[in-house]
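Here is the structure we will look at, set down as structure tokens.
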Amino acid sequence: MSDKANGPMVRFEKVTKRYGALTVLDALDLEIAPNEKVSIIGPSGSGKTTVLRMLMTLERINDGVIHVDGEPLTHMQKGGGLVPADERHLRRVRGKIGMVFQHFNLFPHMSALKNCIEAPVNVLDLPRKEAEARAAELLDMVGLGDKKGHFPSQLSGGQQQRVAIARALAMRPKVMLFDEVTSALDPELVGEVLNVIRRLGTEHNLTMLMVTHQMGFAREFSDRVCFFYGGRICEQGTPDELFGSPRQERTKQFLSAVLEAG
């Protein structure tokens, strides 16, 4: 299908999300190319995390269509048109997306290895031996090969977050979402998680979408940075453009405030 071969990996088409009278995302248009690394920045309440939650279908959209890998996620083809997706369609397309949350969301009663094999075995029907080999390889990649048998309570916050990254990768997603993945960590543990994300970006063919307050990392890591304000993209560009010479007054105010605070 040519759309898949040449089109964006993720496309928001006039996507709106409302909570009662409050519009959190306002007719959002956003395209992300295959393997592109995009950081989303902006003040609290600007709609940043809602973008990720809608991609994971944790929130239903009110208007518009989200496409992933050349096909609609939120809708499906029926009778020559698009209708809201049923649970089966959502599950299939959502399988192309992995998400790492701010709070690690690991299963506390399972070891690091078991956390990483649970979904591949039960969702992808992967044979247990294959799932274990994949999980062991991913835990090695995130620097936790010696912690396979450890439970979350025996791991530091940074280690738990790295297990969460390995767990998301175990599902072989095409798109990885990161929602403030360092904000619950002690400052000295932030670097170890960012190093894993850095490595993912250079060694794996992944489209990556990251909501972050780590401006230095966003500048160094991203192909593009989107500044959200009031449920819209107020400004976007390369890291050098956005951080070096922002055009919009609101972007300048935000960057000035967060860079001074940092």
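Each chain in the structure tokens gets a letter, A, B and so on, in the order shown; residues start at 1 in every chain, and ligands are counted from 1 in the order they appear.
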message = Need to verify the contact set: range 24-30 of chain A, 12 Å, only C-alpha atoms, exclusion of same-chain residues closer than 6 positions in sequence. Can you return it as a ChimeraX atom specification?
response = /A:8-18,38,40,44-54,59-68,209,224-226,228-236
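For range 212-241 of chain A, a DSSP pass over the backbone yields alpha helix (DSSP H) at Met215, Gly216, Phe217, Ala218, Arg219, Glu220, Phe221 and Pro239 of chain A.
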Could I get the residues of range 157-211 of chain A with an atom no further than 7 Å from an atom of range 133-145 of chain A, each paired with its nearest atom pair and that distance in Å to one decimal, using only C-alpha atoms, sorted by chain and residue number, as a Markdown table?
```
| residue | atom | partner | partner_atom | distance |
| --- | --- | --- | --- | --- |
| A:Arg162 | CA | A:Val142 | CA | 6.0 |
| A:Val163 | CA | A:Leu139 | CA | 6.8 |
| A:Ala166 | CA | A:Leu138 | CA | 5.4 |
| A:Ala170 | CA | A:Ala135 | CA | 6.3 |
| A:Val196 | CA | A:Val142 | CA | 5.9 |
```
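With only C-alpha atoms as the atoms that count, the minimum distance from Arg247 in chain A to the choices A:Leu55, A:Phe227, A:Val211, A:Leu22 is reached by A:Phe227.
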message = Quick one: residues within 7 Å of Phe151 in chain A, only C-alpha atoms, excluding same-chain residues fewer than 2 positions away - as a VMD selection string?
response = chain A and resid 108 to 112 149 153 to 155
request  = Would you please give, as JSON, numbers by chain, all residues of range 11-257 of chain A that DSSP assigns to strand (DSSP E) based on the backbone?
outcome  = {"A": [11, 12, 13, 14, 15, 16, 17, 18, 19, 22, 23, 24, 25, 26, 27, 28, 29, 30, 31, 32, 37, 38, 39, 40, 41, 63, 64, 65, 66, 67, 68, 71, 72, 75, 76, 77, 78, 81, 82, 83, 84, 97, 98, 99, 100, 175, 176, 177, 178, 179, 207, 208, 209, 210, 211, 224, 225, 226, 227, 228, 229, 232, 233, 234, 235, 236, 237]}
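CA of Ala164 in chain A lies 13.4 Å from CA of Ala184 in chain A.
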